[in-house]
file run.cif (mmCIF, C-alpha atoms and all ligand atoms)
data_structure
#
loop_
_atom_site.label_atom_id
_atom_site.label_comp_id
_atom_site.auth_asym_id
_atom_site.auth_seq_id
_atom_site.Cartn_x
_atom_site.Cartn_y
_atom_site.Cartn_z
CA MET A 1 176.63 68.22 69.57
CA LYS A 2 178.86 66.51 72.13
CA GLN A 3 181.32 63.91 70.87
CA PHE A 4 181.89 60.71 72.81
CA ILE A 5 184.63 58.09 73.09
CA VAL A 6 183.61 54.73 74.51
CA VAL A 7 186.48 52.48 75.56
CA GLY A 8 185.67 48.83 76.22
CA LEU A 9 182.76 47.29 74.35
CA GLY A 10 181.51 44.76 76.86
CA ARG A 11 177.81 44.67 77.70
CA PHE A 12 177.87 48.08 79.41
CA GLY A 13 180.09 49.87 76.88
CA TYR A 14 178.27 48.37 73.91
CA SER A 15 174.80 49.38 75.04
CA LEU A 16 176.05 52.83 76.04
CA ALA A 17 177.74 53.40 72.66
CA LYS A 18 174.70 52.08 70.78
CA THR A 19 172.30 54.31 72.72
CA LEU A 20 174.43 57.40 72.03
CA ALA A 21 174.66 56.49 68.34
CA ASP A 22 170.89 55.93 68.18
CA LYS A 23 170.54 59.49 69.49
CA HIS A 24 172.74 60.61 66.56
CA TYR A 25 175.78 61.52 68.63
CA ASP A 26 179.27 61.16 67.23
CA VAL A 27 180.80 58.09 68.88
CA LEU A 28 184.33 56.72 68.65
CA ALA A 29 184.25 53.16 70.00
CA ILE A 30 187.53 51.51 71.00
CA ASP A 31 188.27 47.94 72.02
CA ASN A 32 191.32 45.72 71.71
CA ASP A 33 189.15 42.79 70.70
CA GLU A 34 188.63 42.73 66.94
CA GLU A 35 185.30 40.92 67.20
CA LYS A 36 183.84 43.56 69.52
CA VAL A 37 184.94 46.27 67.09
CA GLN A 38 183.37 44.43 64.14
CA GLU A 39 180.12 44.01 66.01
CA ILE A 40 179.66 47.75 66.58
CA SER A 41 181.27 49.11 63.41
CA SER A 42 178.02 49.57 61.49
CA ILE A 43 176.34 51.28 64.45
CA VAL A 44 178.77 54.01 65.58
CA THR A 45 180.61 56.78 63.67
CA HIS A 46 184.04 55.16 64.12
CA ALA A 47 185.04 51.83 65.62
CA VAL A 48 188.72 51.16 66.15
CA GLU A 49 190.71 48.19 67.36
CA ALA A 50 193.32 49.61 69.75
CA ASP A 51 194.85 49.12 73.17
CA ALA A 52 193.51 52.03 75.18
CA THR A 53 196.50 51.97 77.49
CA ASP A 54 198.76 52.84 74.56
CA GLU A 55 199.19 56.60 74.72
CA GLU A 56 200.49 56.90 71.16
CA ALA A 57 197.48 55.02 69.81
CA LEU A 58 195.11 57.36 71.68
CA LYS A 59 196.97 60.41 70.40
CA THR A 60 196.75 59.17 66.82
CA LEU A 61 192.99 58.75 67.25
CA GLY A 62 192.75 62.41 68.24
CA VAL A 63 191.02 61.72 71.54
CA SER A 64 191.80 65.19 72.86
CA ASN A 65 189.13 66.60 70.55
CA PHE A 66 186.36 64.69 72.31
CA ASP A 67 184.11 66.13 75.02
CA VAL A 68 183.28 62.99 76.94
CA GLY A 69 185.13 59.71 77.41
CA ILE A 70 183.52 56.66 78.96
CA VAL A 71 185.84 53.97 80.25
CA SER A 72 183.93 50.73 80.49
CA ILE A 73 186.79 48.29 80.70
CA GLY A 74 185.56 45.96 83.42
CA GLU A 75 187.70 43.17 84.79
CA ASN A 76 191.10 44.57 83.89
CA ILE A 77 191.36 47.20 86.64
CA HIS A 78 194.88 48.11 85.63
CA ALA A 79 193.79 48.95 82.06
CA ASN A 80 190.70 50.72 83.39
CA ILE A 81 192.75 53.06 85.62
CA LEU A 82 195.49 53.65 83.07
CA THR A 83 192.98 54.53 80.34
CA THR A 84 191.23 56.98 82.67
CA LEU A 85 194.54 58.69 83.45
CA MET A 86 195.48 58.82 79.79
CA LEU A 87 192.17 60.30 78.62
CA LYS A 88 192.41 63.02 81.29
CA GLU A 89 196.04 63.77 80.46
CA LEU A 90 195.23 64.03 76.76
CA GLY A 91 192.58 66.64 77.56
CA VAL A 92 189.20 64.89 77.41
CA LYS A 93 186.98 67.27 79.37
CA THR A 94 184.71 64.79 81.10
CA VAL A 95 185.72 61.23 81.83
CA VAL A 96 183.13 58.81 83.17
CA VAL A 97 184.39 55.47 84.44
CA LYS A 98 182.78 52.19 85.40
CA ALA A 99 184.16 51.06 88.75
CA GLN A 100 184.09 47.67 90.46
CA ASP A 101 183.86 48.88 94.06
CA ARG A 102 184.44 51.86 96.38
CA LEU A 103 188.20 51.41 96.61
CA HIS A 104 188.53 51.27 92.85
CA GLY A 105 186.31 54.37 92.69
CA LYS A 106 188.61 56.17 95.10
CA VAL A 107 191.64 55.48 92.93
CA LEU A 108 189.73 56.66 89.87
CA SER A 109 188.87 59.98 91.45
CA LYS A 110 192.55 60.44 92.39
CA VAL A 111 193.60 60.00 88.77
CA GLY A 112 191.04 62.57 87.65
CA ALA A 113 187.82 60.71 86.78
CA ASP A 114 184.98 63.23 86.71
CA ARG A 115 182.24 60.74 87.34
CA ILE A 116 182.36 57.21 88.64
CA VAL A 117 179.52 54.80 88.05
CA TYR A 118 178.76 51.45 89.68
CA PRO A 119 176.22 50.01 87.24
CA GLU A 120 175.69 46.67 88.93
CA ARG A 121 175.36 48.08 92.45
CA ASP A 122 173.00 50.84 91.23
CA MET A 123 170.86 48.45 89.23
CA GLY A 124 170.63 46.15 92.27
CA ILE A 125 169.42 49.03 94.46
CA ARG A 126 166.94 50.16 91.83
CA ILE A 127 165.46 46.75 91.26
CA ALA A 128 165.21 46.05 95.00
CA ASN A 129 163.37 49.34 95.46
CA ASN A 130 161.06 48.60 92.57
CA LEU A 131 160.29 45.12 93.87
CA THR A 132 159.57 46.13 97.46
CA SER A 133 157.17 49.01 96.77
CA SER A 134 154.34 47.84 94.63
CA ASN A 135 153.37 51.23 93.19
CA VAL A 136 156.93 52.35 92.43
CA LEU A 137 157.67 52.12 88.73
CA GLU A 138 161.09 53.76 88.62
CA TYR A 139 163.61 54.87 91.18
CA ILE A 140 166.61 57.17 90.82
CA GLU A 141 168.97 57.95 93.67
CA LEU A 142 170.00 61.63 93.63
CA ALA A 143 172.17 61.70 96.73
CA PRO A 144 172.55 59.14 99.54
CA ASN A 145 169.31 60.35 101.12
CA TYR A 146 167.38 61.86 98.24
CA SER A 147 165.61 60.17 95.36
CA ILE A 148 163.22 60.65 92.53
CA VAL A 149 160.54 58.01 92.25
CA GLU A 150 157.94 57.36 89.65
CA ILE A 151 154.81 56.07 91.35
CA ALA A 152 151.44 55.01 90.06
CA ALA A 153 148.68 57.28 91.37
CA ASP A 154 146.89 55.65 94.27
CA GLU A 155 143.12 55.28 94.32
CA ASN A 156 142.79 57.84 97.11
CA MET A 157 144.46 60.49 94.92
CA TYR A 158 141.99 60.15 92.06
CA HIS A 159 140.10 63.30 91.00
CA LYS A 160 141.91 65.43 93.56
CA THR A 161 144.09 68.43 92.76
CA LEU A 162 147.66 68.79 93.99
CA ILE A 163 146.40 71.50 96.39
CA GLU A 164 143.88 69.08 97.88
CA LEU A 165 146.43 66.32 98.18
CA LYS A 166 148.91 68.57 100.03
CA LEU A 167 151.75 66.15 99.34
CA ARG A 168 154.35 68.74 100.25
CA SER A 169 152.96 69.57 103.69
CA ARG A 170 151.83 66.02 104.49
CA PHE A 171 154.86 64.15 103.22
CA GLY A 172 157.52 66.77 102.46
CA VAL A 173 157.82 65.70 98.83
CA ASN A 174 157.58 67.66 95.58
CA VAL A 175 155.71 66.53 92.49
CA MET A 176 158.02 67.28 89.57
CA ALA A 177 155.85 65.92 86.79
CA ILE A 178 152.69 63.97 86.06
CA LYS A 179 152.34 61.49 83.23
CA SER A 180 148.80 61.23 81.97
CA ASN A 181 147.58 59.40 78.86
CA GLY A 182 151.06 59.27 77.36
CA GLU A 183 151.60 63.03 77.86
CA ILE A 184 153.91 64.51 80.45
CA ASN A 185 153.12 67.64 82.43
CA ILE A 186 156.38 69.00 83.79
CA SER A 187 156.17 71.14 86.93
CA PRO A 188 152.39 70.80 87.23
CA GLY A 189 150.37 73.65 88.73
CA ALA A 190 148.57 73.26 92.06
CA GLU A 191 145.19 72.99 90.35
CA VAL A 192 146.13 69.94 88.25
CA LYS A 193 143.91 66.93 88.98
CA ILE A 194 145.17 63.38 89.35
CA ASN A 195 143.30 60.83 87.26
CA PRO A 196 143.20 57.04 87.36
CA GLY A 197 146.17 55.65 85.44
CA ASP A 198 148.36 58.73 86.06
CA THR A 199 151.96 58.43 87.11
CA LEU A 200 153.57 60.92 89.49
CA ILE A 201 157.26 61.76 89.40
CA VAL A 202 158.11 62.81 92.91
CA MET A 203 161.30 64.05 94.54
CA GLY A 204 162.13 64.03 98.22
CA ASP A 205 164.16 62.51 101.00
CA ASN A 206 163.92 58.75 101.26
CA ASN A 207 161.95 58.66 104.54
CA SER A 208 159.28 60.98 103.18
CA LEU A 209 159.08 59.03 99.96
CA ASP A 210 158.70 55.79 101.93
CA LYS A 211 155.70 57.26 103.76
CA LEU A 212 154.16 58.39 100.48
CA LYS A 213 154.67 54.95 98.94
CA LYS A 214 152.69 53.37 101.75
CA ILE A 215 149.53 55.43 101.38
P1 LIG B 301 181.07 44.19 80.79
O1 LIG B 301 180.94 43.65 82.18
O2 LIG B 301 180.43 45.55 80.58
O3 LIG B 301 180.64 43.21 79.72
P2 LIG B 301 183.83 43.54 80.28
O4 LIG B 301 184.87 43.72 81.31
O5 LIG B 301 183.39 42.14 79.97
O6 LIG B 301 182.63 44.49 80.62
O7 LIG B 301 184.30 44.18 78.91
C1 LIG B 301 185.27 45.09 78.80
C2 LIG B 301 185.70 45.31 77.36
O8 LIG B 301 186.89 46.08 77.41
C3 LIG B 301 186.03 44.02 76.59
O9 LIG B 301 185.36 44.04 75.34
C4 LIG B 301 187.54 44.10 76.42
O10 LIG B 301 187.96 43.55 75.16
C5 LIG B 301 187.83 45.58 76.48
N1 LIG B 301 189.19 45.91 76.93
C6 LIG B 301 189.85 45.37 77.99
N2 LIG B 301 191.09 45.91 78.09
C7 LIG B 301 191.21 46.81 77.07
C8 LIG B 301 192.24 47.68 76.61
N3 LIG B 301 193.42 47.78 77.25
N4 LIG B 301 192.00 48.47 75.54
C9 LIG B 301 190.83 48.41 74.89
N5 LIG B 301 189.81 47.62 75.27
C10 LIG B 301 189.99 46.80 76.32
#
call {"tool": "encode", "arguments": {"input": "run.cif", "output": "structure tokens"}}
result
Amino acid sequence: MKQFIVVGLGRFGYSLAKTLADKHYDVLAIDNDEEKVQEISSIVTHAVEADATDEEALKTLGVSNFDVGIVSIGENIHANILTTLMLKELGVKTVVVKAQDRLHGKVLSKVGADRIVYPERDMGIRIANNLTSSNVLEYIELAPNYSIVEIAADENMYHKTLIELKLRSRFGVNVMAIKSNGEINISPGAEVKINPGDTLIVMGDNNSLDKLKKI
């Protein structure tokens, strides 16, 4: 089982740490605010009040033994960058960091961040995509031009098989899974029929997906 360190227990860090703990992962949560530490102490494996920019404090906590570190210090960019650098230098294999903007992200990759996330920007894009396409239930951006979307089956797909629908040749998209009656069929065969109420999980480039969404 992977072991996680979450630094900064604001809204993002707290919900991330709680979700990992709910999945029974080992989580060390760190914040320099005593109240934040108290709040999460009964949820995660260890909760510690410490300044994450203090190298000695991090060493004492044994952070080098952890597989993944998530830096979710928000407003204090200085502390955010310094903590990232420190976790990498102390040997944390994968460090994921919440960034404010592109420039901040650039600095983070220079100091060794393995993954940079922009939660507010990404959530904005996702919600805008969900709101503008009525049958889109979920949207995940894979690369700047590629996405995975979860769309409700359209009436004109009902009772047709994937072969009959020819989504790949007509739209250039791939159906990765179909959700039907609470069950999920991963990598469905060509003969699988679409029924009313089904949800399709489809991958493709954004233009092709846009065409599919409009049918
Ligand atoms: P969010 O937008 O996710 O709520 P915030 O920026 O409000 O994020 O929260 C960041 C958290 O990081 C706060 O709980 C804050 O106490 C904590 N934090 C800030 N600087 C440090 C530091 N040097 N060491 C440890 N925790 C810190």
call {"tool": "axis_aligned_box", "arguments": {"input": "run.cif", "around": "ligand LIG 301 (chain B)", "padding_each_side": "5 Å", "output": "lines of an AutoDock Vina configuration file"}}
result
center_x = 186.9
center_y = 45.3
center_z = 78.5
size_x = 23.0
size_y = 16.3
size_z = 17.3
call {"tool": "closest_residue", "arguments": {"input": "run.cif", "among": "A:Val48, A:Leu28, A:Ala79, A:Ala143", "to": "ligand LIG 301 (chain B)", "atoms": "only C-alpha atoms and all ligand atoms"}}
result
A:Ala79
call {"tool": "residues_near_ligand", "arguments": {"input": "run.cif", "ligand": "ligand LIG 301 (chain B)", "cutoff": "9 Å", "atoms": "all atoms listed in the file", "output": "compact mmCIF listing (two decimals) with C-alpha atoms, in the coordinates of the input"}}
result
# COMPACT_ATOMS: atom_id res chain seq x y z
CA VAL A 7 186.48 52.48 75.56
CA GLY A 8 185.67 48.83 76.22
CA LEU A 9 182.76 47.29 74.35
CA GLY A 10 181.51 44.76 76.86
CA ARG A 11 177.81 44.67 77.70
CA PHE A 12 177.87 48.08 79.41
CA GLY A 13 180.09 49.87 76.88
CA TYR A 14 178.27 48.37 73.91
CA SER A 15 174.80 49.38 75.04
CA ILE A 30 187.53 51.51 71.00
CA ASP A 31 188.27 47.94 72.02
CA ASN A 32 191.32 45.72 71.71
CA ASP A 33 189.15 42.79 70.70
CA GLU A 34 188.63 42.73 66.94
CA GLU A 35 185.30 40.92 67.20
CA LYS A 36 183.84 43.56 69.52
CA VAL A 37 184.94 46.27 67.09
CA GLU A 49 190.71 48.19 67.36
CA ALA A 50 193.32 49.61 69.75
CA ASP A 51 194.85 49.12 73.17
CA ALA A 52 193.51 52.03 75.18
CA THR A 53 196.50 51.97 77.49
CA ASP A 54 198.76 52.84 74.56
CA VAL A 71 185.84 53.97 80.25
CA SER A 72 183.93 50.73 80.49
CA ILE A 73 186.79 48.29 80.70
CA GLY A 74 185.56 45.96 83.42
CA GLU A 75 187.70 43.17 84.79
CA ASN A 76 191.10 44.57 83.89
CA ILE A 77 191.36 47.20 86.64
CA HIS A 78 194.88 48.11 85.63
CA ALA A 79 193.79 48.95 82.06
CA ASN A 80 190.70 50.72 83.39
CA LEU A 82 195.49 53.65 83.07
CA THR A 83 192.98 54.53 80.34
CA LYS A 98 182.78 52.19 85.40
call {"tool": "closest_residue", "arguments": {"input": "run.cif", "among": "A:Thr94, A:Ser109, A:Thr161, A:Ser147", "to": "Ile201 in chain A", "atoms": "all atoms listed in the file"}}
result
A:Ser147
call {"tool": "atom_distance", "arguments": {"input": "run.cif", "atom1": "CA of Asp26 in chain A", "atom2": "CA of Leu85 in chain A"}}
result
22.4 Å
call {"tool": "residues_around", "arguments": {"input": "run.cif", "residues": "Met157 in chain A", "least_positions_apart": "5", "cutoff": "10 Å", "atoms": "only C-alpha atoms", "output": "PDB file with C-alpha atoms, in the frame of the given file"}}
result
ATOM      1  CA  LEU A 162     147.660  68.790  93.990  1.00  0.00           C
ATOM      2  CA  GLU A 164     143.880  69.080  97.880  1.00  0.00           C
ATOM      3  CA  LEU A 165     146.430  66.320  98.180  1.00  0.00           C
ATOM      4  CA  LYS A 193     143.910  66.930  88.980  1.00  0.00           C
ATOM      5  CA  ILE A 194     145.170  63.380  89.350  1.00  0.00           C
ATOM      6  CA  ASN A 195     143.300  60.830  87.260  1.00  0.00           C
ATOM      7  CA  PRO A 196     143.200  57.040  87.360  1.00  0.00           C
ATOM      8  CA  ASP A 198     148.360  58.730  86.060  1.00  0.00           C
ATOM      9  CA  ILE A 215     149.530  55.430 101.380  1.00  0.00           C
TER      10      ILE A 215
END
call {"tool": "atom_distance", "arguments": {"input": "run.cif", "atom1": "CA of Glu55 in chain A", "atom2": "CA of Val27 in chain A"}}
result
19.4 Å
call {"tool": "residues_around", "arguments": {"input": "run.cif", "residues": "Leu108 in chain A", "least_positions_apart": "5", "cutoff": "8 Å", "atoms": "only C-alpha atoms", "output": "MDAnalysis selection string"}}
result
chainID A and resid 81 84 97 99 113 116
call {"tool": "residues_near_point", "arguments": {"input": "run.cif", "point": "(177.3, 57.1, 82.1)", "cutoff": "8 Å", "atoms": "only C-alpha atoms", "output": "list in words"}}
result
Leu16, Ile70, Val96, Val97 and Val117 of chain A
call {"tool": "residues_near_point", "arguments": {"input": "run.cif", "point": "(154.8, 68.5, 94.7)", "cutoff": "9 Å", "atoms": "all atoms listed in the file", "output": "VMD selection string"}}
result
chain A and resid 162 166 to 168 172 to 177 187 to 188 190 201 to 203
call {"tool": "atom_distance", "arguments": {"input": "run.cif", "atom1": "CA of Gly105 in chain A", "atom2": "CA of Met123 in chain A"}}
result
16.9 Å
call {"tool": "closest_residue", "arguments": {"input": "run.cif", "among": "A:Ser180, A:Gln3, A:Thr60, A:Asn156", "to": "Val92 in chain A", "atoms": "all atoms listed in the file"}}
result
A:Gln3
call {"tool": "closest_residue", "arguments": {"input": "run.cif", "among": "A:Ile43, A:Glu89, A:Glu183, A:Ile127", "to": "Leu58 in chain A", "atoms": "only C-alpha atoms"}}
result
A:Glu89
call {"tool": "closest_residue", "arguments": {"input": "run.cif", "among": "A:Ile184, A:Met1, A:Val44, A:Val192", "to": "Thr19 in chain A", "atoms": "all atoms listed in the file"}}
result
A:Val44
call {"tool": "residues_around", "arguments": {"input": "run.cif", "residues": "Tyr25 in chain A", "least_positions_apart": "3", "cutoff": "8 Å", "atoms": "all atoms listed in the file", "output": "number ranges by chain"}}
result
A: 1-4, 20-22
call {"tool": "closest_residue", "arguments": {"input": "run.cif", "among": "A:Glu120, A:Asp101, A:Asp210, A:Asp114", "to": "Ile151 in chain A", "atoms": "all atoms listed in the file"}}
result
A:Asp210
call {"tool": "residues_around", "arguments": {"input": "run.cif", "residues": "Val149 in chain A", "least_positions_apart": "6", "cutoff": "12 Å", "atoms": "only C-alpha atoms", "output": "JSON, numbers by chain"}}
result
{"A": [126, 129, 130, 133, 135, 136, 137, 138, 139, 140, 141, 142, 173, 174, 175, 176, 177, 178, 199, 200, 201, 202, 203, 204, 205, 206, 208, 209, 210, 212, 213]}
call {"tool": "decode", "arguments": {"input": "run.cif", "residues": "range 171-201 of chain A", "atoms": "N, CA, C and O atoms", "output": "short mmCIF file (atom, residue, chain, number, x, y, z; two decimals), in the first residue's frame"}}
result
data_model
loop_
_atom_site.label_atom_id
_atom_site.label_comp_id
_atom_site.auth_asym_id
_atom_site.auth_seq_id
_atom_site.Cartn_x
_atom_site.Cartn_y
_atom_site.Cartn_z
N PHE A 171 -17.46 9.04 -35.88
CA PHE A 171 -17.03 10.18 -35.06
C PHE A 171 -15.56 10.12 -34.64
O PHE A 171 -15.05 11.08 -34.07
N GLY A 172 -14.91 8.98 -34.88
CA GLY A 172 -13.51 8.86 -34.47
C GLY A 172 -13.32 8.76 -32.96
O GLY A 172 -12.29 9.18 -32.43
N VAL A 173 -14.32 8.23 -32.27
CA VAL A 173 -14.19 8.10 -30.81
C VAL A 173 -14.26 6.62 -30.40
O VAL A 173 -14.78 5.79 -31.14
N ASN A 174 -13.72 6.31 -29.26
CA ASN A 174 -13.74 4.94 -28.75
C ASN A 174 -14.59 4.83 -27.49
O ASN A 174 -14.44 5.65 -26.58
N VAL A 175 -15.44 3.81 -27.45
CA VAL A 175 -16.25 3.59 -26.25
C VAL A 175 -15.41 2.72 -25.29
O VAL A 175 -15.09 1.58 -25.60
N MET A 176 -15.05 3.30 -24.16
CA MET A 176 -14.20 2.57 -23.21
C MET A 176 -15.01 1.72 -22.26
O MET A 176 -14.54 0.70 -21.80
N ALA A 177 -16.22 2.17 -21.96
CA ALA A 177 -17.05 1.43 -21.00
C ALA A 177 -18.50 1.86 -21.16
O ALA A 177 -18.78 2.93 -21.71
N ILE A 178 -19.39 0.98 -20.70
CA ILE A 178 -20.82 1.31 -20.69
C ILE A 178 -21.36 1.03 -19.30
O ILE A 178 -21.12 -0.05 -18.74
N LYS A 179 -22.05 2.00 -18.73
CA LYS A 179 -22.69 1.77 -17.44
C LYS A 179 -24.15 1.47 -17.70
O LYS A 179 -24.83 2.23 -18.40
N SER A 180 -24.60 0.36 -17.16
CA SER A 180 -25.97 -0.07 -17.40
C SER A 180 -26.54 -0.64 -16.11
O SER A 180 -25.93 -1.56 -15.54
N ASN A 181 -27.65 -0.12 -15.65
CA ASN A 181 -28.29 -0.61 -14.41
C ASN A 181 -27.32 -0.75 -13.25
O ASN A 181 -27.30 -1.77 -12.56
N GLY A 182 -26.47 0.22 -13.06
CA GLY A 182 -25.54 0.20 -11.93
C GLY A 182 -24.32 -0.69 -12.14
O GLY A 182 -23.43 -0.75 -11.30
N GLU A 183 -24.27 -1.42 -13.26
CA GLU A 183 -23.11 -2.27 -13.54
C GLU A 183 -22.25 -1.58 -14.59
O GLU A 183 -22.78 -0.84 -15.43
N ILE A 184 -20.95 -1.86 -14.57
CA ILE A 184 -20.10 -1.25 -15.58
C ILE A 184 -19.45 -2.33 -16.44
O ILE A 184 -18.93 -3.31 -15.93
N ASN A 185 -19.57 -2.17 -17.74
CA ASN A 185 -18.96 -3.09 -18.69
C ASN A 185 -17.75 -2.39 -19.31
O ASN A 185 -17.89 -1.49 -20.12
N ILE A 186 -16.56 -2.81 -18.84
CA ILE A 186 -15.34 -2.18 -19.31
C ILE A 186 -14.95 -2.80 -20.65
O ILE A 186 -15.03 -4.01 -20.81
N SER A 187 -14.53 -1.98 -21.58
CA SER A 187 -14.09 -2.44 -22.89
C SER A 187 -15.16 -3.32 -23.55
O SER A 187 -14.95 -4.49 -23.84
N PRO A 188 -16.35 -2.78 -23.76
CA PRO A 188 -17.46 -3.58 -24.27
C PRO A 188 -17.20 -4.11 -25.68
O PRO A 188 -16.56 -3.44 -26.49
N GLY A 189 -17.69 -5.31 -25.93
CA GLY A 189 -17.55 -5.92 -27.26
C GLY A 189 -18.46 -5.22 -28.26
O GLY A 189 -19.40 -4.51 -27.88
N ALA A 190 -18.20 -5.46 -29.54
CA ALA A 190 -18.93 -4.78 -30.61
C ALA A 190 -20.42 -5.13 -30.63
O ALA A 190 -21.24 -4.38 -31.14
N GLU A 191 -20.74 -6.30 -30.06
CA GLU A 191 -22.14 -6.76 -30.13
C GLU A 191 -22.99 -6.25 -28.96
O GLU A 191 -24.19 -6.52 -28.89
N VAL A 192 -22.38 -5.48 -28.05
CA VAL A 192 -23.12 -4.99 -26.88
C VAL A 192 -24.15 -3.94 -27.34
O VAL A 192 -23.86 -3.06 -28.14
N LYS A 193 -25.38 -4.12 -26.80
CA LYS A 193 -26.47 -3.20 -27.17
C LYS A 193 -26.60 -2.06 -26.18
O LYS A 193 -26.41 -2.24 -24.98
N ILE A 194 -26.95 -0.90 -26.68
CA ILE A 194 -27.18 0.26 -25.81
C ILE A 194 -28.66 0.29 -25.43
O ILE A 194 -29.53 0.16 -26.31
N ASN A 195 -28.91 0.44 -24.14
CA ASN A 195 -30.29 0.49 -23.67
C ASN A 195 -30.63 1.86 -23.09
O ASN A 195 -29.73 2.59 -22.67
N PRO A 196 -31.93 2.18 -23.05
CA PRO A 196 -32.31 3.46 -22.43
C PRO A 196 -31.76 3.53 -21.00
O PRO A 196 -31.77 2.52 -20.28
N GLY A 197 -31.24 4.67 -20.63
CA GLY A 197 -30.70 4.85 -19.28
C GLY A 197 -29.22 4.52 -19.18
O GLY A 197 -28.59 4.75 -18.15
N ASP A 198 -28.62 3.95 -20.25
CA ASP A 198 -27.19 3.63 -20.22
C ASP A 198 -26.34 4.90 -20.27
O ASP A 198 -26.79 5.93 -20.78
N THR A 199 -25.13 4.76 -19.76
CA THR A 199 -24.16 5.84 -19.86
C THR A 199 -22.94 5.32 -20.59
O THR A 199 -22.46 4.23 -20.30
N LEU A 200 -22.44 6.09 -21.55
CA LEU A 200 -21.26 5.68 -22.31
C LEU A 200 -20.05 6.48 -21.85
O LEU A 200 -20.14 7.70 -21.68
N ILE A 201 -18.95 5.79 -21.65
CA ILE A 201 -17.70 6.49 -21.33
C ILE A 201 -16.84 6.42 -22.59
O ILE A 201 -16.47 5.35 -23.06
#
